[in-house]
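Visitor: Here you go, this is structure12.cif (mmCIF, C-alpha atoms).
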data_protein
loop_
_atom_site.label_atom_id
_atom_site.label_comp_id
_atom_site.auth_asym_id
_atom_site.auth_seq_id
_atom_site.Cartn_x
_atom_site.Cartn_y
_atom_site.Cartn_z
CA MET A 1 -12.78 -78.75 52.88
CA PRO A 2 -12.48 -75.02 53.72
CA VAL A 3 -9.07 -73.51 53.10
CA GLU A 4 -7.06 -72.48 56.17
CA PHE A 5 -5.14 -69.19 56.11
CA ILE A 6 -2.08 -68.67 58.32
CA GLY A 7 -0.15 -65.43 58.75
CA MET A 8 3.00 -64.76 60.74
CA ILE A 9 3.60 -62.42 63.65
CA ALA A 10 6.81 -61.19 65.25
CA THR A 11 7.61 -59.08 68.28
CA GLN A 12 8.60 -56.04 66.21
CA GLU A 13 7.81 -54.95 62.67
CA ALA A 14 10.64 -56.09 60.43
CA SER A 15 11.21 -57.81 57.13
CA GLU A 16 13.85 -58.08 54.44
CA ILE A 17 13.07 -54.44 53.50
CA LYS A 18 12.33 -52.98 56.93
CA ARG A 19 14.95 -52.39 59.58
CA ARG A 20 13.94 -53.26 63.08
CA PRO A 21 12.86 -50.22 65.07
CA GLY A 22 12.96 -50.02 68.83
CA PRO A 23 13.17 -52.93 71.27
CA VAL A 24 13.26 -56.56 70.21
CA VAL A 25 10.06 -57.17 72.17
CA ASP A 26 7.43 -54.49 71.54
CA PRO A 27 4.26 -55.55 73.40
CA ASP A 28 2.12 -52.83 71.83
CA PHE A 29 3.10 -53.93 68.32
CA VAL A 30 2.47 -57.61 69.11
CA ARG A 31 -0.98 -56.72 70.37
CA ARG A 32 -1.84 -54.60 67.30
CA PHE A 33 -0.31 -57.13 64.89
CA ALA A 34 -2.25 -60.08 66.30
CA ARG A 35 -5.48 -58.11 66.29
CA ALA A 36 -4.88 -57.04 62.70
CA TYR A 37 -4.62 -60.68 61.65
CA GLU A 38 -7.72 -61.58 63.64
CA ASP A 39 -9.70 -58.73 62.09
CA ALA A 40 -8.41 -59.76 58.65
CA GLY A 41 -9.99 -63.18 59.05
CA PHE A 42 -6.89 -65.36 59.34
CA ASP A 43 -7.29 -68.71 61.07
CA ARG A 44 -3.85 -68.81 62.69
CA VAL A 45 -0.54 -67.00 62.81
CA LEU A 46 2.86 -68.66 62.87
CA ILE A 47 5.37 -67.63 65.53
CA GLY A 48 8.81 -68.49 64.22
CA TYR A 49 11.88 -69.88 65.93
CA SER A 50 15.58 -69.15 65.87
CA SER A 51 18.39 -69.19 68.41
CA SER A 52 18.30 -65.40 68.65
CA ARG A 53 14.60 -64.64 68.86
CA PRO A 54 12.06 -64.33 71.69
CA ASP A 55 10.44 -67.46 73.09
CA GLY A 56 7.44 -68.45 70.95
CA LEU A 57 5.28 -69.89 73.72
CA GLN A 58 5.45 -66.65 75.66
CA VAL A 59 4.71 -64.60 72.55
CA ALA A 60 1.70 -66.81 71.84
CA ALA A 61 0.47 -66.49 75.43
CA TYR A 62 0.64 -62.70 75.28
CA ALA A 63 -1.01 -62.47 71.87
CA ALA A 64 -3.73 -64.97 72.83
CA ALA A 65 -4.59 -62.84 75.85
CA HIS A 66 -5.31 -59.91 73.51
CA THR A 67 -7.35 -61.77 70.88
CA ASP A 68 -10.54 -63.81 70.90
CA ARG A 69 -10.53 -66.18 67.92
CA LEU A 70 -7.08 -66.20 66.33
CA GLY A 71 -5.12 -69.45 66.51
CA PHE A 72 -1.37 -69.67 67.11
CA LEU A 73 1.05 -72.01 65.38
CA VAL A 74 4.13 -72.07 67.60
CA ALA A 75 7.37 -73.19 65.95
CA HIS A 76 9.13 -75.66 68.24
CA ARG A 77 12.48 -77.42 67.91
CA PRO A 78 12.54 -80.90 69.41
CA GLY A 79 15.62 -81.50 71.51
CA PHE A 80 15.96 -78.35 73.59
CA MET A 81 13.19 -79.25 76.03
CA ALA A 82 12.16 -82.65 77.35
CA PRO A 83 9.08 -83.85 75.43
CA THR A 84 7.08 -84.31 78.64
CA VAL A 85 7.86 -80.73 79.69
CA ALA A 86 6.90 -79.45 76.23
CA ALA A 87 3.67 -81.44 76.37
CA ARG A 88 2.66 -79.75 79.63
CA ALA A 89 3.69 -76.29 78.39
CA PHE A 90 1.67 -76.56 75.18
CA ALA A 91 -1.30 -78.16 76.92
CA THR A 92 -1.34 -75.42 79.57
CA LEU A 93 -1.29 -72.72 76.90
CA ASP A 94 -4.00 -74.53 74.96
CA GLN A 95 -6.19 -74.45 78.06
CA PHE A 96 -5.58 -70.75 78.74
CA SER A 97 -6.22 -69.84 75.10
CA GLY A 98 -9.39 -71.90 74.76
CA GLY A 99 -7.98 -74.46 72.33
CA ARG A 100 -6.19 -72.11 69.94
CA ILE A 101 -2.68 -73.61 69.91
CA ALA A 102 -0.90 -75.77 67.34
CA LEU A 103 2.72 -76.97 67.33
CA HIS A 104 4.97 -76.56 64.29
CA ALA A 105 7.84 -79.06 64.57
CA ILE A 106 11.08 -77.70 63.10
CA THR A 107 13.92 -80.21 63.28
CA GLY A 108 16.58 -77.70 62.21
CA GLY A 109 18.46 -77.49 58.93
CA SER A 110 21.62 -75.60 59.89
CA ASP A 111 24.34 -77.21 62.02
CA ALA A 112 25.76 -73.82 62.96
CA GLU A 113 22.40 -72.47 64.08
CA GLN A 114 21.67 -75.58 66.13
CA ARG A 115 25.03 -75.30 67.89
CA ARG A 116 24.22 -71.79 69.09
CA ASP A 117 21.73 -73.48 71.40
CA GLY A 118 24.14 -76.28 72.26
CA ASP A 119 22.87 -79.00 69.91
CA TYR A 120 25.71 -80.91 68.21
CA LEU A 121 23.76 -83.77 66.65
CA ASN A 122 24.05 -84.21 62.90
CA LYS A 123 21.00 -83.84 60.68
CA GLY A 124 20.17 -87.54 60.51
CA ASP A 125 20.28 -87.88 64.28
CA ARG A 126 18.17 -84.75 64.68
CA TYR A 127 15.40 -86.30 62.62
CA ALA A 128 15.66 -89.57 64.55
CA ARG A 129 15.33 -87.56 67.76
CA THR A 130 12.34 -85.67 66.38
CA ASP A 131 10.62 -88.94 65.56
CA GLU A 132 11.05 -90.20 69.11
CA TYR A 133 10.17 -86.80 70.58
CA LEU A 134 6.86 -86.52 68.74
CA GLU A 135 5.94 -90.07 69.68
CA ILE A 136 6.33 -89.19 73.37
CA LEU A 137 4.65 -85.82 72.97
CA LYS A 138 1.49 -87.28 71.44
CA LYS A 139 1.32 -89.99 74.08
CA ALA A 140 1.78 -87.42 76.85
CA TRP A 141 -1.20 -85.46 75.50
CA THR A 142 -3.48 -88.48 75.19
CA SER A 143 -2.52 -91.17 77.71
CA GLU A 144 -4.77 -91.46 80.74
CA GLU A 145 -2.46 -93.97 82.39
CA PRO A 146 1.18 -93.57 83.47
CA PHE A 147 3.63 -94.86 80.88
CA ASP A 148 7.34 -95.59 80.57
CA HIS A 149 9.60 -94.95 77.61
CA GLU A 150 13.10 -96.12 76.86
CA GLY A 151 14.52 -95.10 73.52
CA ARG A 152 17.68 -93.87 71.90
CA PHE A 153 17.32 -90.25 73.04
CA TYR A 154 14.79 -90.26 75.90
CA ARG A 155 14.10 -92.39 78.93
CA LEU A 156 11.28 -91.81 81.40
CA GLU A 157 9.26 -93.75 83.96
CA ASP A 158 5.72 -93.55 85.27
CA PHE A 159 4.79 -90.35 83.44
CA VAL A 160 1.25 -89.04 83.27
CA SER A 161 0.17 -85.43 82.91
CA ALA A 162 -2.63 -83.84 84.89
CA VAL A 163 -3.01 -81.11 82.26
CA ARG A 164 -4.55 -82.14 78.94
CA PRO A 165 -5.03 -79.95 75.87
CA ALA A 166 -8.37 -78.21 75.47
CA GLN A 167 -8.44 -79.66 71.95
CA GLN A 168 -9.22 -83.34 71.79
CA PRO A 169 -7.73 -85.76 71.29
CA ARG A 170 -4.64 -83.54 71.19
CA ILE A 171 -3.00 -80.39 69.85
CA PRO A 172 -2.49 -80.39 66.05
CA ILE A 173 1.05 -81.00 64.81
CA TYR A 174 2.38 -79.19 61.76
CA PHE A 175 5.71 -80.27 60.35
CA GLY A 176 8.22 -78.54 58.09
CA GLY A 177 10.98 -79.91 55.89
CA SER A 178 11.86 -80.96 52.35
CA SER A 179 14.46 -83.71 52.80
CA GLU A 180 13.81 -87.45 52.58
CA ALA A 181 14.20 -87.64 56.36
CA ALA A 182 11.58 -84.92 56.74
CA TYR A 183 9.17 -86.79 54.49
CA GLN A 184 9.62 -89.93 56.60
CA VAL A 185 9.19 -88.32 60.02
CA GLY A 186 6.56 -85.81 58.94
CA GLY A 187 4.71 -88.46 56.98
CA LYS A 188 4.50 -90.47 60.19
CA HIS A 189 3.50 -87.76 62.65
CA ALA A 190 2.17 -84.61 60.94
CA ASP A 191 -1.43 -83.52 60.79
CA VAL A 192 -0.31 -80.83 58.33
CA PHE A 193 2.93 -81.03 56.32
CA ALA A 194 4.30 -77.58 55.48
CA LEU A 195 6.16 -76.76 52.25
CA TRP A 196 7.64 -73.56 50.87
CA GLY A 197 6.21 -72.10 47.69
CA GLU A 198 7.59 -73.99 44.70
CA PRO A 199 5.96 -74.33 41.27
CA LEU A 200 2.90 -76.52 41.04
CA ALA A 201 4.67 -79.52 39.51
CA GLU A 202 7.44 -79.56 42.13
CA THR A 203 4.90 -79.05 44.93
CA ALA A 204 2.83 -81.98 43.69
CA GLN A 205 5.97 -84.14 43.61
CA GLN A 206 6.74 -83.31 47.25
CA MET A 207 3.16 -84.01 48.28
CA ALA A 208 3.31 -87.40 46.58
CA ALA A 209 6.56 -88.21 48.40
CA VAL A 210 5.01 -87.33 51.77
CA ARG A 211 1.90 -89.40 51.03
CA ALA A 212 4.07 -92.37 50.06
CA ALA A 213 6.06 -92.03 53.29
CA ALA A 214 2.85 -91.84 55.31
CA ALA A 215 1.49 -94.96 53.62
CA ALA A 216 4.76 -96.80 54.30
CA GLN A 217 4.27 -95.96 57.99
CA GLY A 218 0.83 -97.57 57.90
CA ARG A 219 -1.21 -94.37 57.86
CA THR A 220 -4.52 -94.70 56.04
CA THR A 221 -5.11 -90.93 56.10
CA PRO A 222 -2.11 -88.86 54.94
CA PRO A 223 -1.25 -85.42 56.30
CA ARG A 224 -2.92 -82.35 54.90
CA PHE A 225 -0.62 -79.85 53.17
CA SER A 226 0.39 -76.23 53.68
CA VAL A 227 2.28 -74.08 51.18
CA SER A 228 3.88 -70.71 52.01
CA PHE A 229 4.13 -67.61 49.82
CA ARG A 230 4.93 -63.88 49.96
CA PRO A 231 2.07 -62.24 47.99
CA ILE A 232 2.79 -58.83 46.44
CA LEU A 233 -0.50 -57.16 45.52
CA GLY A 234 -1.34 -54.13 43.42
CA PRO A 235 -4.55 -52.54 42.09
CA THR A 236 -3.33 -53.39 38.58
CA GLU A 237 -0.86 -55.95 37.25
CA GLU A 238 1.54 -53.18 36.30
CA LEU A 239 1.52 -51.61 39.74
CA ALA A 240 1.94 -54.98 41.44
CA TRP A 241 5.03 -55.71 39.34
CA GLU A 242 6.42 -52.24 39.95
CA ARG A 243 6.10 -52.86 43.67
CA ALA A 244 7.72 -56.29 43.34
CA HIS A 245 10.75 -54.82 41.57
CA ARG A 246 11.06 -52.04 44.16
CA ILE A 247 11.22 -54.69 46.88
CA LEU A 248 13.83 -56.65 44.93
CA HIS A 249 15.94 -53.52 44.35
CA LYS A 250 15.84 -52.70 48.06
CA ILE A 251 17.00 -56.20 49.00
CA ARG A 252 19.74 -56.25 46.36
CA SER A 253 20.93 -52.87 47.61
CA GLY A 254 21.72 -54.49 50.94
CA TYR A 255 18.89 -52.91 52.92
CA THR A 256 17.60 -55.76 55.05
CA GLY A 257 16.21 -56.03 58.54
CA GLU A 258 16.71 -59.79 58.62
CA GLU A 259 20.49 -60.14 58.88
CA ASP A 260 20.45 -62.44 61.91
CA PHE A 261 17.74 -64.67 60.44
CA ILE A 262 19.63 -65.03 57.15
CA ARG A 263 22.90 -65.69 59.00
CA ASP A 264 21.21 -68.31 61.17
CA ARG A 265 20.24 -70.37 58.14
CA ARG A 266 23.60 -70.47 56.34
CA GLY A 267 26.39 -73.01 56.72
CA PRO A 268 30.12 -72.31 57.06
CA ASP A 269 30.43 -71.79 53.29
CA GLY A 270 27.68 -69.17 53.30
CA GLN A 271 25.24 -71.48 51.52
CA PRO A 272 22.05 -72.91 53.04
CA GLN A 273 22.32 -76.44 54.43
CA ASN A 274 18.60 -77.16 54.53
CA VAL A 275 17.02 -78.82 51.52
CA GLY A 276 14.05 -76.44 51.45
CA SER A 277 16.29 -73.44 50.76
CA GLN A 278 18.30 -75.42 48.24
CA ARG A 279 15.11 -76.32 46.40
CA LEU A 280 13.95 -72.70 46.25
CA LEU A 281 17.32 -71.60 44.87
CA ALA A 282 17.18 -74.37 42.27
CA VAL A 283 13.73 -73.20 41.18
CA ALA A 284 15.02 -69.62 40.95
CA ALA A 285 17.91 -70.80 38.78
CA LYS A 286 15.42 -72.28 36.31
CA GLY A 287 13.69 -68.97 35.73
CA GLU A 288 12.12 -65.92 37.31
CA ARG A 289 8.45 -66.68 36.59
CA HIS A 290 6.55 -69.92 36.94
CA ASP A 291 2.94 -70.98 36.49
CA ARG A 292 0.40 -68.19 36.89
CA ALA A 293 2.14 -65.70 39.19
CA LEU A 294 5.07 -67.34 41.05
CA TRP A 295 8.16 -65.10 41.09
CA THR A 296 11.54 -66.34 42.37
CA PRO A 297 14.16 -63.51 42.30
CA LEU A 298 13.47 -62.60 45.94
CA ALA A 299 14.48 -66.10 47.01
CA ALA A 300 17.70 -65.82 45.00
CA ALA A 301 18.46 -62.34 46.39
CA THR A 302 18.16 -63.45 50.03
CA GLY A 303 19.56 -66.98 49.72
CA ALA A 304 16.10 -68.36 50.50
CA PRO A 305 16.51 -68.53 54.30
CA GLY A 306 12.77 -68.95 54.71
CA ASN A 307 9.64 -68.86 52.59
CA SER A 308 10.71 -66.28 50.03
CA THR A 309 8.96 -66.90 46.72
CA ALA A 310 6.32 -64.35 45.79
CA LEU A 311 2.96 -64.41 44.05
CA VAL A 312 2.65 -61.13 42.16
CA GLY A 313 -0.43 -59.47 40.70
CA THR A 314 -3.83 -58.08 41.43
CA PRO A 315 -5.84 -59.73 44.19
CA GLU A 316 -7.76 -61.62 41.50
CA THR A 317 -4.59 -62.99 39.91
CA VAL A 318 -3.02 -63.98 43.23
CA ALA A 319 -6.28 -65.54 44.42
CA GLN A 320 -6.40 -67.67 41.28
CA ALA A 321 -2.76 -68.65 41.80
CA LEU A 322 -3.52 -69.77 45.35
CA LEU A 323 -6.51 -71.74 44.10
CA ASP A 324 -4.24 -73.55 41.66
CA TYR A 325 -2.51 -75.01 44.73
CA VAL A 326 -5.85 -75.85 46.32
CA ASP A 327 -6.64 -77.74 43.11
CA ILE A 328 -3.66 -80.07 43.65
CA GLY A 329 -4.65 -80.82 47.24
CA VAL A 330 -3.27 -77.99 49.40
CA THR A 331 -5.55 -77.16 52.34
CA THR A 332 -3.51 -74.49 54.17
CA LEU A 333 -2.02 -71.29 52.76
CA LEU A 334 0.62 -69.48 54.80
CA ILE A 335 1.08 -65.93 53.52
CA ARG A 336 3.07 -63.00 54.83
CA GLY A 337 4.19 -59.73 53.34
CA TYR A 338 7.25 -57.55 53.01
CA ASP A 339 5.31 -54.74 54.72
CA PRO A 340 4.10 -57.09 57.42
CA TYR A 341 1.43 -55.05 59.18
CA ASP A 342 -0.10 -53.28 56.17
CA ASP A 343 0.04 -56.40 54.04
CA ALA A 344 -1.86 -58.41 56.66
CA ILE A 345 -4.67 -55.84 56.47
CA ASP A 346 -4.64 -55.81 52.67
CA TYR A 347 -4.75 -59.60 52.49
CA GLY A 348 -7.83 -59.58 54.72
CA ARG A 349 -9.57 -56.91 52.68
CA HIS A 350 -8.70 -57.97 49.17
CA LEU A 351 -7.35 -61.53 48.99
CA LEU A 352 -8.82 -63.90 51.58
CA PRO A 353 -12.46 -63.11 50.68
CA LEU A 354 -11.84 -63.98 47.02
CA VAL A 355 -10.24 -67.33 47.77
CA ARG A 356 -12.81 -68.31 50.36
CA ALA A 357 -15.75 -67.30 48.17
CA GLU A 358 -14.47 -69.43 45.30
CA VAL A 359 -13.78 -72.43 47.56
CA GLU A 360 -17.30 -72.13 48.98
CA ARG A 361 -18.77 -71.88 45.49
CA ARG A 362 -16.98 -75.05 44.44
CA GLU A 363 -18.14 -76.89 47.55
CA ARG A 364 -21.74 -75.90 46.84
CA GLU A 365 -21.45 -77.15 43.28
CA GLN A 366 -19.92 -80.42 44.44
CA ALA A 367 -22.69 -80.87 47.01
CA ARG A 368 -25.33 -80.28 44.33
CA ALA A 369 -23.57 -82.70 42.01
CA ARG A 370 -23.61 -85.41 44.69
CA GLN A 371 -27.35 -84.91 45.13
CA THR A 372 -28.07 -85.03 41.39
CA THR A 373 -28.91 -88.41 39.89
CA PRO A 374 -27.85 -89.26 36.32
CA GLU A 375 -31.51 -88.96 35.24
CA THR A 376 -32.03 -85.49 36.70
CA ALA A 377 -28.67 -84.36 35.35
CA SER A 378 -29.73 -85.44 31.86
CA GLU A 379 -33.06 -83.63 32.18
CA THR A 380 -31.34 -80.47 33.39
CA ALA A 381 -28.85 -80.56 30.53
CA SER A 382 -31.63 -80.97 27.93
CA LYS A 383 -33.47 -77.94 29.30
CA THR A 384 -30.41 -75.70 29.38
CA THR A 385 -30.34 -73.20 26.53
CA GLN A 386 -27.85 -70.66 27.82
CA PRO A 387 -24.18 -71.01 26.72
CA ARG A 388 -21.66 -71.94 29.39
CA ASP A 389 -20.03 -68.93 31.05
CA GLU A 390 -16.36 -69.83 31.03
CA THR A 391 -15.48 -66.87 33.25
CA ALA A 392 -17.40 -68.46 36.10
CA GLU A 393 -14.60 -70.82 37.05
CA VAL A 394 -10.93 -70.50 37.79
CA THR A 395 -8.95 -72.40 35.20
CA GLY A 396 -5.72 -74.41 35.57
CA ALA A 397 -2.16 -73.36 36.17
CA GLY A 398 -1.02 -72.13 32.77
CA VAL A 399 1.52 -69.34 32.47
CA GLY A 400 -0.03 -65.89 32.26
CA PRO A 401 -3.32 -64.41 33.46
CA ALA A 402 -6.62 -66.21 33.09
CA ARG A 403 -10.00 -64.55 32.82
CA SER A 404 -11.03 -63.63 36.32
CA ALA A 405 -13.69 -65.46 38.25
CA PHE A 406 -13.87 -62.57 40.69
CA PRO A 407 -15.42 -59.11 40.68
CA ARG A 408 -12.99 -56.22 40.79
CA VAL A 409 -11.97 -55.24 44.30
CA ALA A 410 -11.20 -51.79 45.63
CA ASN A 411 -7.73 -50.55 44.85
CA LEU A 412 -4.78 -51.04 47.13
CA THR A 413 -3.35 -47.56 47.06
CA GLU A 414 -4.60 -46.70 50.55
CA ARG A 415 -2.13 -47.88 53.17
CA HIS A 416 -2.60 -48.20 56.90
CA THR A 417 -1.25 -46.38 59.90
#
Turn this file's structure into structure tokens for me.
Guide:
Amino acid sequence: MPVEFIGMIATQEASEIKRRPGPVVDPDFVRRFARAYEDAGFDRVLIGYSSSRPDGLQVAAYAAAHTDRLGFLVAHRPGFMAPTVAARAFATLDQFSGGRIALHAITGGSDAEQRRDGDYLNKGDRYARTDEYLEILKKAWTSEEPFDHEGRFYRLEDFVSAVRPAQQPRIPIYFGGSSEAAYQVGGKHADVFALWGEPLAETAQQMAAVRAAAAAQGRTTPPRFSVSFRPILGPTEELAWERAHRILHKIRSGYTGEEDFIRDRRGPDGQPQNVGSQRLLAVAAKGERHDRALWTPLAAATGAPGNSTALVGTPETVAQALLDYVDIGVTTLLIRGYDPYDDAIDYGRHLLPLVRAEVERREREQARARQTTPETASETASKTTQPRDETAEVTGAGVGPARSAFPRVANLTERHT
């Protein structure tokens, strides 16, 4: 299966190391940012959600009007809009965009942040509501006949929508979370289950938990999986690590453009309530470096309010690190940078082509292997006299660099204006 790449756009250029310039909504920047991701070859971009940020559906509508192929993954919190209303809103946007919309269900991990929008349910009830919400949402997208619903959180009669998604049978649902409740609800409803970037072993454990939850719900096909990272690239390993430490120093010095986002994710004691952030901080406490290129101090420095673990190295090293996750069953890679606009361009030039070329090479080899009978395989092996080129494949997930499967790429010293 081809790997899916997702970026992330916002309505102004900002990150943990960039203060927000100008207005909160900068239409010119949104247009340029979305086009940069499209030109870079990304499949989709995530549009995030918080109680203080612009409405994601409207951002997606504007960006879709200025792009041709790019998909949009709109973060959506069940509970603030009736599911039937949300179904029509997303279906309408899917029609206008030509089938380029996906929904990312975010149940909400911070009581304080939820209450800013008037939601006083506890976490367990929020997940129960999400379960019921997504059930109605999917039925609203697919039912050709009017239906009723009477549940714990929603009651409706004789509903049928005249607007259906352009995508059939419905709009894809992505789902984020790392708690047991998230595994249960996401395992039941998600087409793609999204995780933050933990080490390979911990990621595999979470994937197994989601698959088990999906099987317990009677699903024969489990969700696919997405993992999120913050790649930090350099033309050499040394320069990549120098850049990583400059970013860390800037964050530790208190220079951050993400104060409201970080505040939104913390509880009354200043610590994150959501399990995903707690897991990232626990990984950071175990050590700074994991597997091939995973680096955790940035998560520790920010309190891990979002995806905040980095993959550091040359494009070849980071590509191999991403492929390590593909090897354990990940199908979607969500990547965003600390210099959001320039990094999106660099990822498209230097990183995405390497990963995609290797995935395509593997698929070709697998296809040939399926077509090869045991007899022809034996004949081929007996005729082979050349030694095996071990640099032709990307090896496992051991600590430290492996010999590269990729040709050298152009350096990354040129930035973009």
Visitor: Take the PyMOL selection byres ((chain A and resi 14) around 9), apply it to the structure above, and return the hits as a PyMOL selection string.
Guide: chain A and resi 10-13+15-21+256-258+338-340
Visitor: So the first atom is atom CA of Pro169 of chain A and the second is atom CA of Glu144 of chain A; what is the distance between them in Å, to one decimal place?
Guide: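 Going from atom CA of Pro169 of chain A over to atom CA of Glu144 of chain A covers 11.4 Å.
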Visitor: Find the residue from A:Thr302, A:Ile101, A:Val330, A:Arg31 that sits nearest to Ala208 of chain A; use only C-alpha atoms when measuring.
Guide: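 Once distances to Ala208 of chain A are computed over only C-alpha atoms, the minimum belongs to A:Val330.
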Visitor: What is the distance between atom CA of Val312 of chain A and atom CA of Ile328 of chain A, in Å to one decimal?
Guide: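 A separation of 20.0 Å between them.
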Visitor: For Glu316 of chain A, which of A:Met8, A:Val192, A:Met81, A:Leu354 is the closest residue, counting only C-alpha atoms?
Guide: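 Using only C-alpha atoms, Glu316 of chain A sits closest to A:Leu354.
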Visitor: Of the residues A:Pro272, A:Arg170, A:Thr317, A:Leu294, which is the one nearest to Thr236 of chain A, using only C-alpha atoms?
Guide: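 The answer is A:Thr317, which sits nearest to Thr236 of chain A.
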Visitor: Return as an NGL selection string the set of residues that the PyMOL selection byres ((chain A and resi 344-351) around 8) yields on the displayed structure.
Guide: :A and (7 or 36-37 or 39-42 or 315-316 or 318-319 or 336-337 or 340-343 or 352-355 or 409-410 or 412 or 416)
Visitor: Can you measure atom CA of Glu365 of chain A to atom CA of Gln320 of chain A for me? One decimal in Å is fine.
Guide: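 Distance between the two atoms: 17.9 Å.
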Visitor: Which residues, protein or nucleic acid, reach to within 10 Å of (19.4, -69.5, 40.2) in the file's coordinates when using all atoms listed in the file, and can you give that as a PyMOL selection string?
Guide: chain A and resi 280-288+296-297+299-301+303
Visitor: Name the residues that the PyMOL selection byres ((chain A and resi 167) around 12) pulls out of this structure, and write them as a PDB file with C-alpha atoms, in the coordinates of the input.
Guide:
ATOM      1  CA  PHE A  90       1.670 -76.560  75.180  1.00  0.00           C
ATOM      2  CA  ALA A  91      -1.300 -78.160  76.920  1.00  0.00           C
ATOM      3  CA  THR A  92      -1.340 -75.420  79.570  1.00  0.00           C
ATOM      4  CA  LEU A  93      -1.290 -72.720  76.900  1.00  0.00           C
ATOM      5  CA  ASP A  94      -4.000 -74.530  74.960  1.00  0.00           C
ATOM      6  CA  GLN A  95      -6.190 -74.450  78.060  1.00  0.00           C
ATOM      7  CA  PHE A  96      -5.580 -70.750  78.740  1.00  0.00           C
ATOM      8  CA  SER A  97      -6.220 -69.840  75.100  1.00  0.00           C
ATOM      9  CA  GLY A  98      -9.390 -71.900  74.760  1.00  0.00           C
ATOM     10  CA  GLY A  99      -7.980 -74.460  72.330  1.00  0.00           C
ATOM     11  CA  ARG A 100      -6.190 -72.110  69.940  1.00  0.00           C
ATOM     12  CA  ILE A 101      -2.680 -73.610  69.910  1.00  0.00           C
ATOM     13  CA  ALA A 102      -0.900 -75.770  67.340  1.00  0.00           C
ATOM     14  CA  TRP A 141      -1.200 -85.460  75.500  1.00  0.00           C
ATOM     15  CA  THR A 142      -3.480 -88.480  75.190  1.00  0.00           C
ATOM     16  CA  VAL A 163      -3.010 -81.110  82.260  1.00  0.00           C
ATOM     17  CA  ARG A 164      -4.550 -82.140  78.940  1.00  0.00           C
ATOM     18  CA  PRO A 165      -5.030 -79.950  75.870  1.00  0.00           C
ATOM     19  CA  ALA A 166      -8.370 -78.210  75.470  1.00  0.00           C
ATOM     20  CA  GLN A 168      -9.220 -83.340  71.790  1.00  0.00           C
ATOM     21  CA  PRO A 169      -7.730 -85.760  71.290  1.00  0.00           C
ATOM     22  CA  ARG A 170      -4.640 -83.540  71.190  1.00  0.00           C
ATOM     23  CA  ILE A 171      -3.000 -80.390  69.850  1.00  0.00           C
ATOM     24  CA  PRO A 172      -2.490 -80.390  66.050  1.00  0.00           C
ATOM     25  CA  ILE A 173       1.050 -81.000  64.810  1.00  0.00           C
TER      26      ILE A 173
END
Visitor: Under the rule that all atoms listed in the file are counted, which of A:Glu38, A:Asp117, A:Glu358, A:Glu363 is the nearest residue to Arg53 of chain A?
Guide: A:Asp117
Visitor: Nearest residue to Gly234 of chain A out of A:Thr67, A:Thr314, A:Gln58, A:Gln205, using only C-alpha atoms?
Guide: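 Closest residue, counting only C-alpha atoms: A:Thr314.
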